[in-house]
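Pasting protein_3.tsv here (TSV, C-alpha atoms and all ligand atoms):
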```tsv
chain	number	residue	atom	x	y	z
A	30	MET	CA	82.42	120.64	110.89
A	31	ALA	CA	79.62	123.13	110.78
A	32	ASP	CA	79.03	123.42	107.07
A	33	ASP	CA	80.13	120.87	104.51
A	34	GLN	CA	79.61	123.26	101.60
A	35	GLN	CA	81.45	126.36	102.74
A	36	TYR	CA	84.96	125.21	101.98
A	37	ASP	CA	86.62	123.75	98.92
A	38	TRP	CA	87.29	120.38	100.57
A	39	ALA	CA	87.80	118.75	97.17
A	40	SER	CA	90.98	120.79	96.70
A	41	LEU	CA	92.37	118.89	99.71
A	42	GLY	CA	91.25	115.56	98.27
A	43	ILE	CA	88.39	115.34	100.78
A	44	ASP	CA	85.08	113.97	99.46
A	45	VAL	CA	82.20	115.25	101.58
A	46	THR	CA	79.62	113.21	99.66
A	47	LYS	CA	80.76	109.83	100.99
A	48	PRO	CA	81.49	108.76	104.56
A	49	SER	CA	85.18	108.25	105.35
A	50	ILE	CA	86.61	105.79	107.86
A	51	ALA	CA	88.58	108.43	109.76
A	52	ARG	CA	85.65	110.85	109.92
A	53	THR	CA	83.05	108.28	110.98
A	54	TYR	CA	85.43	107.21	113.76
A	55	ASP	CA	85.69	110.87	114.71
A	56	VAL	CA	81.87	110.94	114.99
A	57	VAL	CA	81.82	108.06	117.47
A	58	LEU	CA	84.64	109.67	119.43
A	59	ARG	CA	82.45	112.78	119.62
A	60	GLY	CA	84.94	114.86	117.61
A	61	LYS	CA	84.30	117.84	115.36
A	62	ASP	CA	86.13	116.81	112.18
A	63	ASN	CA	83.23	115.12	110.40
A	64	PHE	CA	80.43	115.88	107.95
A	65	GLU	CA	76.71	115.20	107.68
A	66	VAL	CA	77.34	112.12	105.54
A	67	ASP	CA	79.56	110.63	108.28
A	68	ARG	CA	77.00	111.30	110.99
A	69	ALA	CA	74.26	109.74	108.83
A	70	PHE	CA	76.38	106.58	108.53
A	71	VAL	CA	76.82	106.34	112.30
A	72	ASP	CA	73.07	106.84	112.75
A	73	GLN	CA	72.54	103.62	110.76
A	74	ILE	CA	75.11	101.68	112.81
A	75	VAL	CA	73.57	102.88	116.07
A	76	LYS	CA	70.37	101.12	115.07
A	77	ILE	CA	72.24	97.80	115.06
A	78	VAL	CA	74.81	98.41	117.81
A	79	PRO	CA	73.51	101.14	120.12
A	80	GLU	CA	76.79	100.93	122.06
A	81	ILE	CA	78.96	101.90	119.07
A	82	TYR	CA	80.11	105.12	120.80
A	83	ASP	CA	81.29	103.04	123.78
A	84	VAL	CA	83.13	100.69	121.41
A	85	ALA	CA	85.19	103.64	120.16
A	86	ASP	CA	86.02	104.51	123.76
A	87	TYR	CA	87.08	100.91	124.48
A	88	ASN	CA	89.37	101.06	121.46
A	89	ARG	CA	90.97	104.33	122.55
A	90	GLN	CA	91.34	102.99	126.08
A	91	ILE	CA	93.13	99.80	125.02
A	92	LEU	CA	95.32	101.90	122.73
A	93	GLY	CA	96.35	103.96	125.76
A	94	ARG	CA	96.93	100.91	127.96
A	95	GLY	CA	98.87	99.19	125.20
A	96	VAL	CA	101.17	102.13	124.50
A	97	ARG	CA	101.72	102.63	128.22
A	98	TYR	CA	102.83	98.99	128.45
A	99	LEU	CA	105.04	99.24	125.37
A	100	ALA	CA	106.81	102.42	126.53
A	101	GLY	CA	106.89	101.24	130.15
A	102	GLU	CA	107.43	97.56	130.88
A	103	ALA	CA	108.49	96.65	127.34
A	104	GLY	CA	110.86	99.63	127.17
A	105	LEU	CA	110.14	100.56	123.55
A	106	ARG	CA	111.09	104.01	122.32
A	107	GLN	CA	109.82	103.87	118.72
A	108	PHE	CA	106.26	103.49	117.48
A	109	LEU	CA	104.83	103.04	114.01
A	110	ASP	CA	101.12	103.83	114.42
A	111	LEU	CA	99.38	102.68	111.23
A	112	GLY	CA	95.86	103.96	110.53
A	113	SER	CA	96.36	106.53	113.25
A	114	GLY	CA	93.13	108.47	112.59
A	115	LEU	CA	92.35	112.08	113.41
A	116	PRO	CA	93.95	113.48	116.52
A	117	THR	CA	91.90	112.94	119.66
A	118	VAL	CA	92.69	112.63	123.34
A	119	GLN	CA	95.64	110.53	124.53
A	120	ASN	CA	97.25	110.06	121.15
A	121	THR	CA	100.13	107.58	120.92
A	122	HIS	CA	102.90	110.18	121.22
A	123	GLN	CA	101.29	111.77	124.26
A	124	VAL	CA	101.01	108.44	126.06
A	125	ALA	CA	104.48	107.21	125.03
A	126	GLN	CA	106.23	110.51	125.71
A	127	SER	CA	104.55	110.83	129.10
A	128	VAL	CA	106.30	107.56	130.01
A	129	ALA	CA	109.52	108.20	128.09
A	130	PRO	CA	109.90	111.72	126.60
A	131	GLU	CA	112.48	110.50	124.07
A	132	SER	CA	109.91	108.20	122.38
A	133	ARG	CA	109.54	108.64	118.63
A	134	VAL	CA	106.23	108.19	116.88
A	135	VAL	CA	105.35	108.03	113.19
A	136	TYR	CA	101.66	108.24	112.42
A	137	VAL	CA	100.52	106.81	109.08
A	138	ASP	CA	97.07	107.26	107.54
A	139	ASN	CA	95.79	107.37	103.97
A	140	ASP	CA	92.92	109.81	104.57
A	141	PRO	CA	93.89	113.37	103.56
A	142	ILE	CA	91.79	114.75	106.41
A	143	VAL	CA	94.26	113.25	108.88
A	144	LEU	CA	97.01	115.30	107.29
A	145	ALA	CA	94.80	118.40	107.04
A	146	HIS	CA	93.76	118.31	110.68
A	147	GLY	CA	96.39	116.12	112.20
A	148	ARG	CA	99.68	117.58	111.15
A	149	ALA	CA	99.65	120.54	113.52
A	150	LEU	CA	98.41	118.49	116.46
A	151	LEU	CA	100.13	115.18	115.92
A	152	ALA	CA	103.46	116.41	114.61
A	153	GLU	CA	103.88	118.61	117.64
A	154	ASN	CA	107.52	117.93	118.33
A	155	GLU	CA	110.59	116.77	116.43
A	156	ARG	CA	110.13	113.20	117.66
A	157	THR	CA	106.67	112.88	116.08
A	158	THR	CA	105.46	113.06	112.49
A	159	VAL	CA	102.48	112.27	110.25
A	160	VAL	CA	102.90	110.45	106.93
A	161	THR	CA	100.17	110.07	104.33
A	162	ALA	CA	100.52	106.53	103.01
A	163	ASP	CA	98.56	103.37	102.41
A	164	VAL	CA	99.10	100.42	104.72
A	165	ARG	CA	98.27	98.14	101.80
A	166	LYS	CA	101.67	99.20	100.44
A	167	PRO	CA	103.85	98.45	103.47
A	168	GLU	CA	107.07	98.51	101.43
A	169	GLU	CA	106.44	102.18	100.59
A	170	ILE	CA	105.89	102.98	104.26
A	171	LEU	CA	109.07	101.19	105.29
A	172	ALA	CA	111.05	103.09	102.63
A	173	HIS	CA	109.47	106.49	103.35
A	174	ASP	CA	112.04	109.20	104.21
A	175	ASP	CA	110.10	110.46	107.26
A	176	VAL	CA	109.69	106.94	108.58
A	177	ARG	CA	113.41	106.21	108.21
A	178	ARG	CA	114.32	109.57	109.73
A	179	LEU	CA	112.51	108.78	112.99
A	180	ILE	CA	112.57	104.98	113.21
A	181	ASP	CA	115.82	103.05	113.60
A	182	PHE	CA	115.07	99.59	112.20
A	183	GLU	CA	118.02	98.15	114.13
A	184	ARG	CA	116.12	98.76	117.38
A	185	PRO	CA	112.76	97.34	118.57
A	186	VAL	CA	109.65	99.02	117.21
A	187	GLY	CA	106.05	99.04	118.43
A	188	VAL	CA	104.06	98.18	115.31
A	189	MET	CA	100.50	99.34	115.90
A	190	LEU	CA	97.62	98.18	113.72
A	191	VAL	CA	94.87	99.41	116.01
A	192	GLY	CA	91.43	99.52	114.43
A	193	ILE	CA	92.69	99.34	110.86
A	194	LEU	CA	93.04	95.77	109.57
A	195	HIS	CA	89.24	95.31	109.52
A	196	HIS	CA	89.23	98.01	106.83
A	197	LEU	CA	91.25	95.75	104.54
A	198	HIS	CA	89.32	93.34	102.35
A	199	ASP	CA	90.38	89.70	102.33
A	200	ASP	CA	91.84	90.10	98.83
A	201	GLU	CA	93.98	92.98	100.10
A	202	ASN	CA	95.81	90.40	102.16
A	203	PRO	CA	96.14	91.85	105.67
A	204	GLN	CA	98.43	88.93	106.55
A	205	ARG	CA	100.97	90.08	103.95
A	206	VAL	CA	100.82	93.60	105.39
A	207	VAL	CA	101.51	92.34	108.92
A	208	ASP	CA	104.26	89.97	107.79
A	209	THR	CA	106.04	92.61	105.71
A	210	LEU	CA	106.05	95.05	108.62
A	211	MET	CA	107.15	92.48	111.20
A	212	ASP	CA	109.90	91.13	108.92
A	213	ALA	CA	111.37	94.65	108.81
A	214	VAL	CA	111.70	95.05	112.58
A	215	PRO	CA	114.15	93.30	114.94
A	216	SER	CA	113.65	90.92	117.83
A	217	GLY	CA	112.00	92.62	120.81
A	218	SER	CA	109.61	94.54	118.55
A	219	HIS	CA	105.93	94.22	119.40
A	220	LEU	CA	102.80	93.83	117.30
A	221	PHE	CA	99.63	95.42	118.67
A	222	ILE	CA	96.32	94.70	116.89
A	223	THR	CA	92.67	95.50	117.54
A	224	SER	CA	89.95	94.52	115.08
A	225	PHE	CA	86.22	94.16	114.59
A	226	CYS	CA	85.20	90.64	115.55
A	227	ALA	CA	82.28	88.49	114.37
A	228	SER	CA	81.33	87.89	118.00
A	229	SER	CA	77.53	88.31	117.86
A	230	GLN	CA	74.61	88.45	115.46
A	231	GLU	CA	74.74	92.25	115.79
A	232	ALA	CA	78.36	92.19	114.59
A	233	VAL	CA	77.36	90.11	111.58
A	234	ASP	CA	74.53	92.57	110.82
A	235	ALA	CA	76.81	95.56	111.32
A	236	GLU	CA	79.24	94.11	108.76
A	237	VAL	CA	76.52	94.27	106.13
A	238	GLN	CA	75.93	97.96	106.87
A	239	TYR	CA	79.63	98.78	106.97
A	240	GLN	CA	80.27	97.05	103.66
A	241	GLY	CA	77.20	98.59	102.03
A	242	LEU	CA	77.58	102.18	103.25
A	243	LEU	CA	81.30	102.59	103.92
A	244	GLY	CA	82.66	100.00	101.51
A	245	THR	CA	84.87	98.37	104.17
A	246	GLY	CA	84.56	96.74	107.59
A	247	ARG	CA	85.24	93.02	107.91
A	248	PHE	CA	84.21	91.40	111.17
A	249	ARG	CA	86.59	88.45	111.44
A	250	THR	CA	86.59	85.50	113.80
A	251	PRO	CA	88.95	85.43	116.81
A	252	GLU	CA	90.88	82.65	115.03
A	253	GLU	CA	91.35	84.80	111.93
A	254	ILE	CA	92.53	87.77	114.01
A	255	GLU	CA	94.89	85.62	116.10
A	256	GLY	CA	96.27	84.16	112.87
A	257	TRP	CA	97.73	87.56	111.94
A	258	PHE	CA	100.23	87.17	114.80
A	259	GLY	CA	101.80	84.41	112.71
A	260	GLY	CA	102.57	82.07	115.57
A	261	MET	CA	104.23	84.71	117.75
A	262	GLU	CA	103.32	84.08	121.36
A	263	LEU	CA	100.61	86.47	122.53
A	264	LEU	CA	101.30	88.35	125.73
A	265	GLU	CA	98.85	87.81	128.58
A	266	PRO	CA	95.84	87.75	128.44
A	267	GLY	CA	95.93	86.74	124.76
A	268	LEU	CA	93.43	87.90	122.15
A	269	VAL	CA	90.39	89.12	124.07
A	270	PRO	CA	87.45	91.55	123.90
A	271	LEU	CA	88.99	95.01	124.31
A	272	PRO	CA	87.88	95.76	127.88
A	273	LEU	CA	89.48	92.51	129.08
A	274	TRP	CA	92.98	93.41	127.91
A	275	ARG	CA	94.88	94.42	131.06
A	276	PRO	CA	92.00	96.54	132.38
A	277	ASP	CA	92.63	99.47	134.71
A	278	GLU	CA	89.19	99.04	136.21
A	279	PRO	CA	87.02	96.04	137.09
A	280	VAL	CA	85.14	94.60	134.10
A	281	PRO	CA	81.56	93.32	134.43
A	282	ASP	CA	81.24	89.51	134.55
A	283	GLU	CA	78.71	89.55	131.74
A	284	LEU	CA	80.03	91.21	128.58
A	285	THR	CA	77.68	93.12	126.26
A	286	VAL	CA	77.62	93.08	122.45
A	287	GLY	CA	79.57	96.35	122.54
A	288	HIS	CA	82.26	94.96	124.86
A	289	ARG	CA	82.76	92.06	122.45
A	290	LEU	CA	82.51	93.95	119.14
A	291	MET	CA	86.29	94.33	118.88
A	292	TYR	CA	89.11	92.05	120.01
A	293	GLY	CA	92.69	93.01	120.71
A	294	GLY	CA	96.02	91.48	121.50
A	295	MET	CA	99.77	92.04	121.54
A	296	ALA	CA	102.79	89.87	120.82
A	297	ARG	CA	106.55	90.25	121.13
A	298	LYS	CA	108.78	89.25	118.23
A	299	PRO	CA	111.20	86.65	119.61
A	301	LIG	N1	94.24	103.75	115.21
A	301	LIG	C1	93.28	104.75	115.64
A	301	LIG	C2	92.56	104.22	116.83
A	301	LIG	O1	92.49	103.00	116.96
A	301	LIG	O2	92.04	104.99	117.63
A	301	LIG	C3	92.31	105.13	114.53
A	301	LIG	C4	91.49	103.99	114.00
A	301	LIG	S1	90.33	104.46	112.75
A	301	LIG	C5	89.03	103.38	113.11
A	301	LIG	C6	91.04	103.67	111.30
A	301	LIG	C7	92.00	104.58	110.55
A	301	LIG	O3	92.65	103.79	109.54
A	301	LIG	C8	91.30	105.72	109.81
A	301	LIG	O4	91.87	106.94	110.16
A	301	LIG	C9	91.52	105.42	108.34
A	301	LIG	O5	91.67	106.57	107.54
A	301	LIG	C10	92.78	104.58	108.38
A	301	LIG	N2	92.93	103.69	107.24
A	301	LIG	C11	91.99	102.87	106.70
A	301	LIG	N3	92.50	102.20	105.65
A	301	LIG	C12	93.79	102.61	105.53
A	301	LIG	C13	94.84	102.27	104.64
A	301	LIG	N4	94.65	101.40	103.65
A	301	LIG	N5	96.05	102.86	104.81
A	301	LIG	C14	96.24	103.76	105.81
A	301	LIG	N6	95.29	104.13	106.68
A	301	LIG	C15	94.06	103.55	106.55
```
Now, as a test, write the supplied structure out as structure tokens.
Amino acid sequence: MADDQQYDWASLGIDVTKPSIARTYDVVLRGKDNFEVDRAFVDQIVKIVPEIYDVADYNRQILGRGVRYLAGEAGLRQFLDLGSGLPTVQNTHQVAQSVAPESRVVYVDNDPIVLAHGRALLAENERTTVVTADVRKPEEILAHDDVRRLIDFERPVGVMLVGILHHLHDDENPQRVVDTLMDAVPSGSHLFITSFCASSQEAVDAEVQYQGLLGTGRFRTPEEIEGWFGGMELLEPGLVPLPLWRPDEPVPDELTVGHRLMYGGMARKP
């Protein structure tokens, strides 16, 4: 956004003095819905992980491949996209509805900017909506009127926690969040996770910056991330660096720090 001072952002609950998760992600996706403070944060991360812009692309790309699989081969028609972020290209509903137009998508985010900028773009048809809610309170999400209006909990659901669980501190119990959501959906539902991974010294250094400047950002081990699937069998190829998950294009033999900064995987509830 051109000028942080020209609008009464505070009246929308938007704090332009501190970086926000959704807006800093918008910076690395080369979007326009961010402020100077968000760009300054990314400038610090770039010093540690120069490829951070590519990492955002890898995350969006796996999101697209994952949703295409879920709506295609897995045959899902309902998606709960938690920590959906600001609208960008190839959002979940666009990918899912391009495969199956009847697909229903509920986006959930706790940043008011997602509602401010996202509602018009994300809630673009009657099968798609945006809910402002906190994933740390999964019971409230599951009981939310808009969620229950679009999602039939008797039928399989694609539960998407893409790029969000690393923003939960250990004491916020991401495992409880995952378990509560997966307990609420029937057999045939899928869990789709991507997360920052402590896969290099740069990742460990980046965690210090994230925690210090943004207040969140846990880079967990592959074992910790895989643990969230709670013993459900991971679909091929398992939990892997993002570019290795069912790639559309050949992947270099030697992976960079950026390729390995986030891991992702998907499982089907038996
Ligand atoms: N899922 C999208 C993707 O992967 O492209 C966006 C990921 S973005 C890195 C993380 C999003 O999670 C941000 O929009 C942020 O506002 C949201 N978020 C972080 N903590 C949250 C919470 N406790 N409840 C709901 N949303 C949250």
Would you name the residues within 9 Å of ligand LIG 301 (chain A), counting only C-alpha atoms and all ligand atoms, and put them as an NGL selection string? :A and (49-55 or 58 or 85-86 or 88-92 or 110-117 or 120 or 137-143 or 161-166 or 189-197 or 223 or 245)
Which of A:Val286, A:Leu109, A:Ser228, A:Val134 sits closest to Met211 in chain A [using all atoms listed in the file]: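 Closest residue, counting all atoms listed in the file: A:Leu109.
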Which residues of range 193-249 of chain A sit at most 10 Å from range 256-280 of chain A, using only C-alpha atoms? Give each one's shortest atom pair and distance in Å (one decimal place), in chain and ascending residue order, as JSON lines.
```
{"residue": "A:Leu194", "atom": "CA", "partner": "A:Trp257", "partner_atom": "CA", "distance": 9.7}
{"residue": "A:Pro203", "atom": "CA", "partner": "A:Trp257", "partner_atom": "CA", "distance": 7.8}
{"residue": "A:Gln204", "atom": "CA", "partner": "A:Trp257", "partner_atom": "CA", "distance": 5.6}
{"residue": "A:Arg205", "atom": "CA", "partner": "A:Trp257", "partner_atom": "CA", "distance": 9.0}
{"residue": "A:Val206", "atom": "CA", "partner": "A:Trp257", "partner_atom": "CA", "distance": 9.4}
{"residue": "A:Val207", "atom": "CA", "partner": "A:Trp257", "partner_atom": "CA", "distance": 6.8}
{"residue": "A:Asp208", "atom": "CA", "partner": "A:Gly259", "partner_atom": "CA", "distance": 7.8}
{"residue": "A:Met211", "atom": "CA", "partner": "A:Phe258", "partner_atom": "CA", "distance": 9.4}
{"residue": "A:His219", "atom": "CA", "partner": "A:Leu264", "partner_atom": "CA", "distance": 9.8}
{"residue": "A:Leu220", "atom": "CA", "partner": "A:Phe258", "partner_atom": "CA", "distance": 7.6}
{"residue": "A:Phe221", "atom": "CA", "partner": "A:Phe258", "partner_atom": "CA", "distance": 9.1}
{"residue": "A:Ile222", "atom": "CA", "partner": "A:Phe258", "partner_atom": "CA", "distance": 8.7}
{"residue": "A:Thr223", "atom": "CA", "partner": "A:Leu271", "partner_atom": "CA", "distance": 7.7}
{"residue": "A:Ser224", "atom": "CA", "partner": "A:Leu271", "partner_atom": "CA", "distance": 9.3}
{"residue": "A:Phe225", "atom": "CA", "partner": "A:Pro270", "partner_atom": "CA", "distance": 9.7}
{"residue": "A:Cys226", "atom": "CA", "partner": "A:Pro270", "partner_atom": "CA", "distance": 8.7}
{"residue": "A:Ser228", "atom": "CA", "partner": "A:Pro270", "partner_atom": "CA", "distance": 9.3}
```
As lines of an AutoDock Vina configuration file, please: the centre and edge lengths in Å, to one decimal, of an axis-aligned box enclosing every listed atom of range 98-106 of chain A with 6 Å added on each side.
```
center_x = 107.0
center_y = 100.3
center_z = 126.6
size_x = 20.3
size_y = 19.4
size_z = 20.6
```
What's the 9 Å shell around Ile180 in chain A, counting all atoms listed in the file, without same-chain residues fewer than 4 positions away, as a VMD selection string? chain A and resid 107 to 109 133 to 135 175 to 176 184 186
Here is a test: counting only C-alpha atoms, which residue of A:Ile254, A:Ile77, A:Leu105, A:Ala39 is nearest to Val233 in chain A? A:Ile77
Would you mind reading off the distance between CA of Ile170 in chain A and CA of Glu183 in chain A, one decimal, in Å?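 Going from CA of Ile170 in chain A over to CA of Glu183 in chain A covers 16.4 Å.
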Would you work out the distance separating CA of Ala69 in chain A from CA of Gly287 in chain A, expressed in Å to one decimal?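 Taking CA of Ala69 in chain A and CA of Gly287 in chain A, their separation equals 19.9 Å.
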CA of Pro79 in chain A and CA of Asp234 in chain A, how far apart in Å? 12.7 Å
Of the listed residues A:Ala232, A:Val214, A:Ala172, A:Leu290, that which approaches Gly187 in chain A most closely, counting all atoms listed in the file: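 Counting all atoms listed in the file, the residue closest to Gly187 in chain A is A:Val214.
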What's the 12 Å shell around Ile74 in chain A, counting only C-alpha atoms, without same-chain residues fewer than 2 positions away, as a PyMOL selection string? chain A and resi 53-54+56-57+67-72+76-82+84+231-243+246+287
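If you measure from each of A:Arg249, A:Arg177, A:His122, A:His288 to Arg156 in chain A using all atoms listed in the file, the closest one turns out to be A:His122.
Closest approach to Gln230 in chain A among A:Asp199, A:Leu284, A:Asp62, A:Phe248 is made by A:Phe248 (distances from all atoms listed in the file).
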Looking at A:Glu169, A:Glu283, A:Glu131, A:Asp174, which one is nearest to Asn154 in chain A, with distances taken over all atoms listed in the file?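 Nearest candidate to Asn154 in chain A out of A:Glu169, A:Glu283, A:Glu131, A:Asp174: A:Glu131.
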